[in-house]
Amino acid sequence: MTFFWILWSFDACIALVVLYFFFIGLGDGSVSSFNSGLWAMILAALAAILLGSLWLKGLEKLVLAKLLLAILAVPGLLYLLFLLMVIISKPRWN
């Protein structure tokens with residue numbers, strides 16, 4: 001049960017980062033009618049993952065809920081590890 005909430009909170013943090021960039025894009029005009037469909041699909045997918053996992057948990061299907069959360073958590077964790085590696089190793093990009 002605890003692992004579910006760890007995954008869910010990590011996915012919620014990822015969703016907050018995406019929402020931050022969405023609202024910043026609305027403010028500076030980079031989110032426009034041209035790419036609003038992409039943003040709508042991204043936000044709908046995030047909502048489906050977060051709310052769907054809660055729905056599955058309510059149906060006592062905890063393994064499926066964790067697998068659904070892992071769809072977003074695994075790439076997010078890999079990207080976080082990549083950023084940590086870049087910060088620690090201080091590579092030269094030239």
# chains A, B, ... in the order shown; residues from 1 in each chain; ligands from 1
$ residues_around --residues "A:Cys13" --least-positions-apart "6" --cutoff "12 Å" --atoms "only C-alpha atoms" --output "MDAnalysis selection string"
chainID A and resid 6:7 19:20 46 50 72:73 76:77 80
$ select_by_dssp --residues "chain A" --states "alpha helix (DSSP H)" --output "PyMOL selection string"
chain A and resi 2-28+36-58+62-89
$ atom_distance --atom1 "atom CA of A:Leu38" --atom2 "atom CA of A:Val17"
16.2 Å
$ residues_around --residues "A:Ser9" --least-positions-apart "2" --cutoff "12 Å" --atoms "only C-alpha atoms" --output "MDAnalysis selection string"
chainID A and resid 2:7 11:16 49:50 53:54 66 69:70 72:73
$ atom_distance --atom1 "atom CA of A:Val31" --atom2 "atom CA of A:Ala45"
17.5 Å
$ atom_distance --atom1 "atom CA of A:Phe22" --atom2 "atom CA of A:Ile42"
10.0 Å
